[in-house]
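Data block for my_file_12.cif (mmCIF, N, CA, C and O atoms):
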data_start
loop_
_atom_site.label_atom_id
_atom_site.label_comp_id
_atom_site.auth_asym_id
_atom_site.auth_seq_id
_atom_site.Cartn_x
_atom_site.Cartn_y
_atom_site.Cartn_z
N MET A 20 -60.44 35.34 -43.48
CA MET A 20 -60.27 34.55 -42.29
C MET A 20 -61.48 34.72 -41.39
O MET A 20 -61.94 35.82 -41.15
N SER A 21 -61.90 33.62 -40.84
CA SER A 21 -63.06 33.63 -39.97
C SER A 21 -62.58 33.59 -38.51
O SER A 21 -61.63 32.90 -38.16
N THR A 22 -63.26 34.35 -37.65
CA THR A 22 -62.89 34.37 -36.23
C THR A 22 -63.79 33.46 -35.40
O THR A 22 -63.57 33.29 -34.22
N THR A 23 -64.82 32.90 -36.00
CA THR A 23 -65.71 32.00 -35.28
C THR A 23 -65.12 30.59 -35.28
O THR A 23 -64.67 30.13 -36.31
N PRO A 24 -65.13 29.94 -34.12
CA PRO A 24 -64.60 28.57 -34.11
C PRO A 24 -65.53 27.64 -34.88
O PRO A 24 -66.73 27.88 -34.96
N PRO A 25 -64.98 26.60 -35.46
CA PRO A 25 -65.82 25.67 -36.21
C PRO A 25 -66.77 24.94 -35.25
O PRO A 25 -66.45 24.73 -34.08
N GLU A 26 -67.92 24.59 -35.77
CA GLU A 26 -68.89 23.87 -34.94
C GLU A 26 -68.37 22.47 -34.65
O GLU A 26 -67.83 21.80 -35.53
N GLN A 27 -68.58 22.06 -33.41
CA GLN A 27 -68.13 20.72 -33.02
C GLN A 27 -69.36 19.83 -32.89
O GLN A 27 -70.41 20.27 -32.44
N PRO A 28 -69.21 18.58 -33.25
CA PRO A 28 -70.34 17.66 -33.14
C PRO A 28 -70.69 17.44 -31.66
O PRO A 28 -69.84 17.53 -30.79
N GLU A 29 -71.98 17.15 -31.41
CA GLU A 29 -72.42 16.89 -30.04
C GLU A 29 -71.78 15.61 -29.55
O GLU A 29 -71.72 14.62 -30.24
N GLN A 30 -71.32 15.67 -28.29
CA GLN A 30 -70.71 14.49 -27.70
C GLN A 30 -71.73 13.80 -26.81
O GLN A 30 -72.56 14.45 -26.18
N ALA A 31 -71.65 12.49 -26.77
CA ALA A 31 -72.53 11.72 -25.89
C ALA A 31 -72.16 12.00 -24.44
O ALA A 31 -70.99 12.24 -24.13
N PRO A 32 -73.16 12.03 -23.54
CA PRO A 32 -72.82 12.28 -22.13
C PRO A 32 -71.93 11.17 -21.58
O PRO A 32 -72.11 10.00 -21.89
N GLN A 33 -70.95 11.59 -20.79
CA GLN A 33 -70.01 10.65 -20.20
C GLN A 33 -70.67 9.93 -19.02
O GLN A 33 -71.43 10.53 -18.27
N PRO A 34 -70.39 8.64 -18.84
CA PRO A 34 -70.97 7.92 -17.69
C PRO A 34 -70.39 8.47 -16.39
O PRO A 34 -69.24 8.91 -16.35
N GLN A 35 -71.21 8.45 -15.36
CA GLN A 35 -70.76 8.94 -14.06
C GLN A 35 -69.79 7.94 -13.45
O GLN A 35 -70.07 6.76 -13.41
N SER A 36 -68.66 8.43 -13.02
CA SER A 36 -67.70 7.56 -12.35
C SER A 36 -67.66 7.93 -10.88
O SER A 36 -68.07 9.02 -10.49
N TYR A 37 -67.17 7.00 -10.08
CA TYR A 37 -67.09 7.27 -8.65
C TYR A 37 -66.09 8.39 -8.42
O TYR A 37 -64.99 8.38 -8.96
N THR A 38 -66.48 9.35 -7.62
CA THR A 38 -65.63 10.52 -7.43
C THR A 38 -64.94 10.54 -6.08
O THR A 38 -64.24 11.48 -5.77
N GLY A 39 -65.15 9.57 -5.24
CA GLY A 39 -64.47 9.55 -3.95
C GLY A 39 -65.10 10.50 -2.97
O GLY A 39 -66.21 11.00 -3.16
N LEU A 40 -64.38 10.78 -1.91
CA LEU A 40 -64.92 11.61 -0.85
C LEU A 40 -64.94 13.09 -1.22
O LEU A 40 -65.79 13.83 -0.78
N GLY A 41 -63.96 13.54 -2.00
CA GLY A 41 -63.86 14.95 -2.32
C GLY A 41 -64.63 15.36 -3.55
O GLY A 41 -64.56 16.49 -3.99
N ARG A 42 -65.38 14.47 -4.12
CA ARG A 42 -66.18 14.72 -5.32
C ARG A 42 -65.33 15.09 -6.53
O ARG A 42 -65.80 15.71 -7.46
N THR A 43 -64.07 14.74 -6.51
CA THR A 43 -63.24 14.94 -7.69
C THR A 43 -62.95 13.56 -8.28
O THR A 43 -62.79 12.59 -7.54
N PRO A 44 -62.89 13.44 -9.58
CA PRO A 44 -62.66 12.13 -10.19
C PRO A 44 -61.34 11.51 -9.73
O PRO A 44 -60.35 12.20 -9.56
N THR A 45 -61.36 10.23 -9.51
CA THR A 45 -60.15 9.53 -9.10
C THR A 45 -59.65 8.67 -10.25
O THR A 45 -60.42 8.19 -11.06
N SER A 46 -58.34 8.52 -10.31
CA SER A 46 -57.78 7.71 -11.39
C SER A 46 -57.15 6.43 -10.88
O SER A 46 -56.84 5.54 -11.64
N GLY A 47 -56.93 6.33 -9.57
CA GLY A 47 -56.29 5.15 -9.02
C GLY A 47 -57.20 4.42 -8.07
O GLY A 47 -58.43 4.51 -8.16
N ALA A 48 -56.59 3.72 -7.16
CA ALA A 48 -57.36 2.97 -6.17
C ALA A 48 -58.03 3.92 -5.20
O ALA A 48 -57.52 4.99 -4.89
N ILE A 49 -59.19 3.54 -4.74
CA ILE A 49 -59.94 4.36 -3.79
C ILE A 49 -59.66 3.80 -2.39
O ILE A 49 -59.94 2.65 -2.11
N LEU A 50 -59.09 4.63 -1.54
CA LEU A 50 -58.74 4.19 -0.20
C LEU A 50 -59.96 4.28 0.71
O LEU A 50 -60.84 5.11 0.50
N PRO A 51 -59.98 3.45 1.74
CA PRO A 51 -61.11 3.51 2.66
C PRO A 51 -61.07 4.78 3.50
O PRO A 51 -60.05 5.47 3.58
N VAL A 52 -62.17 5.07 4.12
CA VAL A 52 -62.26 6.23 5.00
C VAL A 52 -61.31 6.01 6.17
O VAL A 52 -61.26 4.91 6.72
N PRO A 53 -60.55 7.05 6.57
CA PRO A 53 -59.63 6.86 7.69
C PRO A 53 -60.34 6.39 8.94
O PRO A 53 -61.45 6.83 9.24
N GLY A 54 -59.66 5.55 9.69
CA GLY A 54 -60.24 5.03 10.91
C GLY A 54 -60.82 3.66 10.68
O GLY A 54 -61.24 3.32 9.58
N ASN A 55 -60.82 2.85 11.70
CA ASN A 55 -61.39 1.52 11.58
C ASN A 55 -61.80 1.05 12.96
O ASN A 55 -61.53 1.69 13.97
N ALA A 56 -62.44 -0.08 13.01
CA ALA A 56 -62.96 -0.59 14.27
C ALA A 56 -61.84 -0.99 15.22
O ALA A 56 -61.98 -0.84 16.44
N GLU A 57 -60.71 -1.45 14.69
CA GLU A 57 -59.63 -1.87 15.57
C GLU A 57 -59.09 -0.71 16.39
O GLU A 57 -58.80 -0.86 17.57
N ILE A 58 -58.94 0.45 15.78
CA ILE A 58 -58.41 1.60 16.53
C ILE A 58 -59.40 2.06 17.58
O ILE A 58 -59.01 2.49 18.66
N ALA A 59 -60.68 1.94 17.30
CA ALA A 59 -61.69 2.32 18.30
C ALA A 59 -61.64 1.38 19.49
O ALA A 59 -61.68 1.82 20.65
N ILE A 60 -61.54 0.08 19.23
CA ILE A 60 -61.44 -0.90 20.31
C ILE A 60 -60.15 -0.67 21.10
O ILE A 60 -60.14 -0.72 22.33
N TRP A 61 -59.04 -0.41 20.40
CA TRP A 61 -57.77 -0.15 21.06
C TRP A 61 -57.90 1.06 21.99
O TRP A 61 -57.43 1.02 23.13
N PHE A 62 -58.52 2.11 21.52
CA PHE A 62 -58.68 3.32 22.33
C PHE A 62 -59.56 3.04 23.55
O PHE A 62 -59.24 3.49 24.66
N ILE A 63 -60.63 2.30 23.38
CA ILE A 63 -61.52 1.98 24.51
C ILE A 63 -60.76 1.15 25.56
O ILE A 63 -60.86 1.42 26.77
N VAL A 64 -59.97 0.19 25.10
CA VAL A 64 -59.19 -0.63 26.03
C VAL A 64 -58.18 0.23 26.77
O VAL A 64 -57.97 0.08 27.98
N GLU A 65 -57.55 1.17 26.06
CA GLU A 65 -56.60 2.08 26.71
C GLU A 65 -57.27 2.92 27.80
O GLU A 65 -56.71 3.11 28.88
N VAL A 66 -58.44 3.42 27.50
CA VAL A 66 -59.17 4.23 28.49
C VAL A 66 -59.53 3.37 29.71
O VAL A 66 -59.36 3.81 30.85
N VAL A 67 -60.00 2.16 29.46
CA VAL A 67 -60.34 1.26 30.58
C VAL A 67 -59.09 0.95 31.40
O VAL A 67 -59.13 0.98 32.65
N LEU A 68 -57.97 0.66 30.75
CA LEU A 68 -56.73 0.39 31.48
C LEU A 68 -56.28 1.61 32.29
O LEU A 68 -55.78 1.47 33.41
N ALA A 69 -56.44 2.80 31.75
CA ALA A 69 -56.07 4.02 32.48
C ALA A 69 -56.96 4.20 33.71
O ALA A 69 -56.47 4.58 34.78
N ILE A 70 -58.23 3.92 33.58
CA ILE A 70 -59.14 4.03 34.72
C ILE A 70 -58.78 3.00 35.79
O ILE A 70 -58.73 3.31 36.99
N VAL A 71 -58.49 1.78 35.35
CA VAL A 71 -58.10 0.73 36.30
C VAL A 71 -56.79 1.10 37.00
O VAL A 71 -56.65 0.93 38.22
N ALA A 72 -55.82 1.64 36.25
CA ALA A 72 -54.55 2.03 36.84
C ALA A 72 -54.74 3.17 37.84
O ALA A 72 -54.05 3.22 38.86
N ALA A 73 -55.66 4.06 37.58
CA ALA A 73 -55.90 5.18 38.49
C ALA A 73 -56.66 4.73 39.74
O ALA A 73 -56.43 5.26 40.83
N ALA A 74 -57.53 3.74 39.60
CA ALA A 74 -58.39 3.35 40.73
C ALA A 74 -57.82 2.21 41.55
O ALA A 74 -58.23 2.02 42.70
N SER A 75 -56.90 1.44 41.01
CA SER A 75 -56.44 0.23 41.69
C SER A 75 -55.02 0.41 42.22
O SER A 75 -54.19 1.08 41.61
N ASP A 76 -54.77 -0.21 43.36
CA ASP A 76 -53.41 -0.21 43.90
C ASP A 76 -52.59 -1.36 43.31
O ASP A 76 -51.36 -1.33 43.34
N GLY A 77 -53.26 -2.37 42.79
CA GLY A 77 -52.57 -3.54 42.25
C GLY A 77 -52.11 -3.38 40.81
O GLY A 77 -51.31 -4.16 40.31
N PHE A 78 -52.61 -2.39 40.11
CA PHE A 78 -52.26 -2.15 38.71
C PHE A 78 -51.68 -0.75 38.62
O PHE A 78 -52.39 0.24 38.61
N THR A 79 -50.35 -0.65 38.57
CA THR A 79 -49.68 0.64 38.64
C THR A 79 -49.56 1.28 37.25
O THR A 79 -49.85 0.65 36.23
N VAL A 80 -49.08 2.50 37.26
CA VAL A 80 -48.90 3.23 36.01
C VAL A 80 -47.82 2.57 35.15
O VAL A 80 -47.94 2.53 33.92
N SER A 81 -46.79 2.04 35.76
CA SER A 81 -45.74 1.38 34.97
C SER A 81 -46.29 0.11 34.31
O SER A 81 -45.94 -0.20 33.17
N GLU A 82 -47.16 -0.60 35.00
CA GLU A 82 -47.80 -1.77 34.38
C GLU A 82 -48.74 -1.34 33.27
O GLU A 82 -48.88 -2.04 32.26
N TRP A 83 -49.40 -0.19 33.44
CA TRP A 83 -50.26 0.35 32.38
C TRP A 83 -49.42 0.68 31.14
O TRP A 83 -49.82 0.40 30.02
N ALA A 84 -48.23 1.25 31.36
CA ALA A 84 -47.35 1.58 30.23
C ALA A 84 -46.89 0.31 29.50
O ALA A 84 -46.83 0.28 28.27
N ILE A 85 -46.59 -0.74 30.27
CA ILE A 85 -46.18 -2.01 29.65
C ILE A 85 -47.35 -2.61 28.86
O ILE A 85 -47.18 -3.07 27.73
N ALA A 86 -48.54 -2.59 29.44
CA ALA A 86 -49.72 -3.11 28.74
C ALA A 86 -49.99 -2.30 27.47
O ALA A 86 -50.34 -2.87 26.43
N THR A 87 -49.82 -0.99 27.56
CA THR A 87 -50.02 -0.13 26.39
C THR A 87 -49.02 -0.48 25.28
O THR A 87 -49.37 -0.54 24.11
N THR A 88 -47.77 -0.71 25.66
CA THR A 88 -46.74 -1.08 24.69
C THR A 88 -47.11 -2.36 23.96
O THR A 88 -47.04 -2.43 22.72
N TRP A 89 -47.51 -3.39 24.70
CA TRP A 89 -47.87 -4.66 24.09
C TRP A 89 -49.13 -4.55 23.24
O TRP A 89 -49.21 -5.13 22.16
N LEU A 90 -50.12 -3.79 23.72
CA LEU A 90 -51.34 -3.62 22.93
C LEU A 90 -51.06 -2.87 21.63
O LEU A 90 -51.60 -3.21 20.58
N THR A 91 -50.23 -1.84 21.71
CA THR A 91 -49.90 -1.08 20.50
C THR A 91 -49.12 -1.93 19.51
O THR A 91 -49.37 -1.89 18.31
N ALA A 92 -48.16 -2.71 20.01
CA ALA A 92 -47.39 -3.59 19.13
C ALA A 92 -48.31 -4.62 18.46
O ALA A 92 -48.19 -4.88 17.25
N ALA A 93 -49.24 -5.18 19.23
CA ALA A 93 -50.18 -6.16 18.66
C ALA A 93 -51.08 -5.49 17.62
O ALA A 93 -51.39 -6.09 16.58
N TYR A 94 -51.51 -4.27 17.89
CA TYR A 94 -52.36 -3.55 16.94
C TYR A 94 -51.62 -3.30 15.63
O TYR A 94 -52.14 -3.55 14.54
N ILE A 95 -50.39 -2.80 15.72
CA ILE A 95 -49.61 -2.51 14.51
C ILE A 95 -49.34 -3.79 13.73
O ILE A 95 -49.44 -3.82 12.50
N LEU A 96 -49.03 -4.87 14.43
CA LEU A 96 -48.80 -6.15 13.77
C LEU A 96 -50.06 -6.65 13.08
O LEU A 96 -50.02 -7.12 11.93
N SER A 97 -51.21 -6.51 13.74
CA SER A 97 -52.46 -6.97 13.12
C SER A 97 -52.80 -6.15 11.88
O SER A 97 -53.30 -6.69 10.90
N ARG A 98 -52.54 -4.85 11.91
CA ARG A 98 -52.81 -4.02 10.72
C ARG A 98 -51.87 -4.40 9.58
O ARG A 98 -52.25 -4.41 8.42
N GLY A 99 -50.62 -4.71 9.91
CA GLY A 99 -49.67 -5.13 8.87
C GLY A 99 -50.08 -6.44 8.24
O GLY A 99 -50.01 -6.60 7.02
N ILE A 100 -50.53 -7.38 9.06
CA ILE A 100 -51.00 -8.67 8.52
C ILE A 100 -52.24 -8.46 7.66
O ILE A 100 -52.37 -9.06 6.59
N ALA A 101 -53.14 -7.60 8.10
CA ALA A 101 -54.37 -7.35 7.33
C ALA A 101 -54.05 -6.73 5.98
O ALA A 101 -54.64 -7.09 4.96
N LYS A 102 -53.09 -5.81 5.95
CA LYS A 102 -52.74 -5.17 4.67
C LYS A 102 -51.95 -6.12 3.79
O LYS A 102 -52.11 -6.11 2.57
N ALA A 103 -51.11 -6.95 4.38
CA ALA A 103 -50.31 -7.89 3.60
C ALA A 103 -51.20 -8.95 2.95
O ALA A 103 -50.89 -9.43 1.87
N SER A 104 -52.30 -9.27 3.59
CA SER A 104 -53.18 -10.29 3.00
C SER A 104 -53.89 -9.77 1.77
O SER A 104 -54.37 -10.54 0.96
N ARG A 105 -53.98 -8.46 1.61
CA ARG A 105 -54.65 -7.88 0.45
C ARG A 105 -53.70 -7.60 -0.71
O ARG A 105 -54.13 -7.20 -1.78
N VAL A 106 -52.40 -7.79 -0.53
CA VAL A 106 -51.43 -7.47 -1.58
C VAL A 106 -51.64 -8.36 -2.79
O VAL A 106 -51.62 -7.90 -3.93
N LEU A 107 -51.84 -9.64 -2.61
CA LEU A 107 -51.97 -10.58 -3.71
C LEU A 107 -53.33 -10.51 -4.39
O LEU A 107 -53.49 -11.03 -5.48
N GLU A 108 -54.31 -9.86 -3.76
CA GLU A 108 -55.64 -9.77 -4.37
C GLU A 108 -55.67 -8.84 -5.57
O GLU A 108 -56.53 -8.94 -6.40
N GLN A 109 -54.73 -7.93 -5.66
CA GLN A 109 -54.74 -6.95 -6.74
C GLN A 109 -53.97 -7.39 -7.88
O GLN A 109 -53.51 -7.89 -8.55
#

How would this structure read if it were set down as structure tokens?
Amino acid sequence: MSTTPPEQPEQAPQPQSYTGLGRTPTSGAILPVPGNAEIAIWFIVEVVLAIVAAASDGFTVSEWAIATTWLTAAYILSRGIAKASRVLEQ
């Protein structure tokens, strides 16, 4: 009995595949980097509304909360529409 493993033929080098952000091979869909321009714009608008609510007597904190609610609802709805439009592409 021999204890040496049998020689294996040389294998051709494997083509480089996209490894994603973590440098580990991926087998499924590659998701985009977290964050997008819409959330940045939403945050900037929120900051501006907070400054206006703090500096103005005509725009109160309760009105800021109502504006925030509507802006957040519109943002979530827009993200849902954007994702739904990509469902049929795959």

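The coordinates place atom CA of A:Arg98 at 26.9 Å from atom CA of A:Ala72.
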
Got a sec: who's within 12 Å of stretch 87-93 of chain A, counting only C-alpha atoms, leaving out chain neighbours fewer than 5 positions off, as an mmCIF file with N, CA, C and O atoms, in the frame of the given file?
data_model
loop_
_atom_site.group_PDB
_atom_site.id
_atom_site.type_symbol
_atom_site.label_atom_id
_atom_site.label_comp_id
_atom_site.auth_asym_id
_atom_site.auth_seq_id
_atom_site.Cartn_x
_atom_site.Cartn_y
_atom_site.Cartn_z
ATOM 1 N N GLU A 57 -60.710 -1.450 14.690
ATOM 2 C CA GLU A 57 -59.630 -1.870 15.570
ATOM 3 C C GLU A 57 -59.090 -0.710 16.390
ATOM 4 O O GLU A 57 -58.800 -0.860 17.570
ATOM 5 N N ILE A 58 -58.940 0.450 15.780
ATOM 6 C CA ILE A 58 -58.410 1.600 16.530
ATOM 7 C C ILE A 58 -59.400 2.060 17.580
ATOM 8 O O ILE A 58 -59.010 2.490 18.660
ATOM 9 N N ILE A 60 -61.540 0.080 19.230
ATOM 10 C CA ILE A 60 -61.440 -0.900 20.310
ATOM 11 C C ILE A 60 -60.150 -0.670 21.100
ATOM 12 O O ILE A 60 -60.140 -0.720 22.330
ATOM 13 N N TRP A 61 -59.040 -0.410 20.400
ATOM 14 C CA TRP A 61 -57.770 -0.150 21.060
ATOM 15 C C TRP A 61 -57.900 1.060 21.990
ATOM 16 O O TRP A 61 -57.430 1.020 23.130
ATOM 17 N N PHE A 62 -58.520 2.110 21.520
ATOM 18 C CA PHE A 62 -58.680 3.320 22.330
ATOM 19 C C PHE A 62 -59.560 3.040 23.550
ATOM 20 O O PHE A 62 -59.240 3.490 24.660
ATOM 21 N N ILE A 63 -60.630 2.300 23.380
ATOM 22 C CA ILE A 63 -61.520 1.980 24.510
ATOM 23 C C ILE A 63 -60.760 1.150 25.560
ATOM 24 O O ILE A 63 -60.860 1.420 26.770
ATOM 25 N N VAL A 64 -59.970 0.190 25.100
ATOM 26 C CA VAL A 64 -59.190 -0.630 26.030
ATOM 27 C C VAL A 64 -58.180 0.230 26.770
ATOM 28 O O VAL A 64 -57.970 0.080 27.980
ATOM 29 N N GLU A 65 -57.550 1.170 26.060
ATOM 30 C CA GLU A 65 -56.600 2.080 26.710
ATOM 31 C C GLU A 65 -57.270 2.920 27.800
ATOM 32 O O GLU A 65 -56.710 3.110 28.880
ATOM 33 N N VAL A 66 -58.440 3.420 27.500
ATOM 34 C CA VAL A 66 -59.170 4.230 28.490
ATOM 35 C C VAL A 66 -59.530 3.370 29.710
ATOM 36 O O VAL A 66 -59.360 3.810 30.850
ATOM 37 N N VAL A 67 -60.000 2.160 29.460
ATOM 38 C CA VAL A 67 -60.340 1.260 30.580
ATOM 39 C C VAL A 67 -59.090 0.950 31.400
ATOM 40 O O VAL A 67 -59.130 0.980 32.650
ATOM 41 N N LEU A 68 -57.970 0.660 30.750
ATOM 42 C CA LEU A 68 -56.730 0.390 31.480
ATOM 43 C C LEU A 68 -56.280 1.610 32.290
ATOM 44 O O LEU A 68 -55.780 1.470 33.410
ATOM 45 N N ALA A 69 -56.440 2.800 31.750
ATOM 46 C CA ALA A 69 -56.070 4.020 32.480
ATOM 47 C C ALA A 69 -56.960 4.200 33.710
ATOM 48 O O ALA A 69 -56.470 4.580 34.780
ATOM 49 N N ALA A 72 -55.820 1.640 36.250
ATOM 50 C CA ALA A 72 -54.550 2.030 36.840
ATOM 51 C C ALA A 72 -54.740 3.170 37.840
ATOM 52 O O ALA A 72 -54.050 3.220 38.860
ATOM 53 N N VAL A 80 -49.080 2.500 37.260
ATOM 54 C CA VAL A 80 -48.900 3.230 36.010
ATOM 55 C C VAL A 80 -47.820 2.570 35.150
ATOM 56 O O VAL A 80 -47.940 2.530 33.920
ATOM 57 N N SER A 81 -46.790 2.040 35.760
ATOM 58 C CA SER A 81 -45.740 1.380 34.970
ATOM 59 C C SER A 81 -46.290 0.110 34.310
ATOM 60 O O SER A 81 -45.940 -0.200 33.170
ATOM 61 N N GLU A 82 -47.160 -0.600 35.000
ATOM 62 C CA GLU A 82 -47.800 -1.770 34.380
ATOM 63 C C GLU A 82 -48.740 -1.340 33.270
ATOM 64 O O GLU A 82 -48.880 -2.040 32.260
ATOM 65 N N ARG A 98 -52.540 -4.850 11.910
ATOM 66 C CA ARG A 98 -52.810 -4.020 10.720
ATOM 67 C C ARG A 98 -51.870 -4.400 9.580
ATOM 68 O O ARG A 98 -52.250 -4.410 8.420
ATOM 69 N N GLY A 99 -50.620 -4.710 9.910
ATOM 70 C CA GLY A 99 -49.670 -5.130 8.870
ATOM 71 C C GLY A 99 -50.080 -6.440 8.240
ATOM 72 O O GLY A 99 -50.010 -6.600 7.020
ATOM 73 N N ILE A 100 -50.530 -7.380 9.060
ATOM 74 C CA ILE A 100 -51.000 -8.670 8.520
ATOM 75 C C ILE A 100 -52.240 -8.460 7.660
ATOM 76 O O ILE A 100 -52.370 -9.060 6.590
#

Adding 4 Å on each side of the box along x, y and z that holds all listed atoms of stretch 85-91 of chain A, could you give its centre and edge lengths in Å to one decimal, as lines of an AutoDock Vina configuration file?
center_x = -48.9
center_y = -2.6
center_z = 24.3
size_x = 13.4
size_y = 13.0
size_z = 20.0

Quick one: distance from atom C of A:Ala86 to atom N of A:Val106 in Å, one decimal? 28.6 Å

In Å, rounded to a single decimal, give me how far atom N of A:Val71 is from atom N of A:Ala84. 11.0 Å
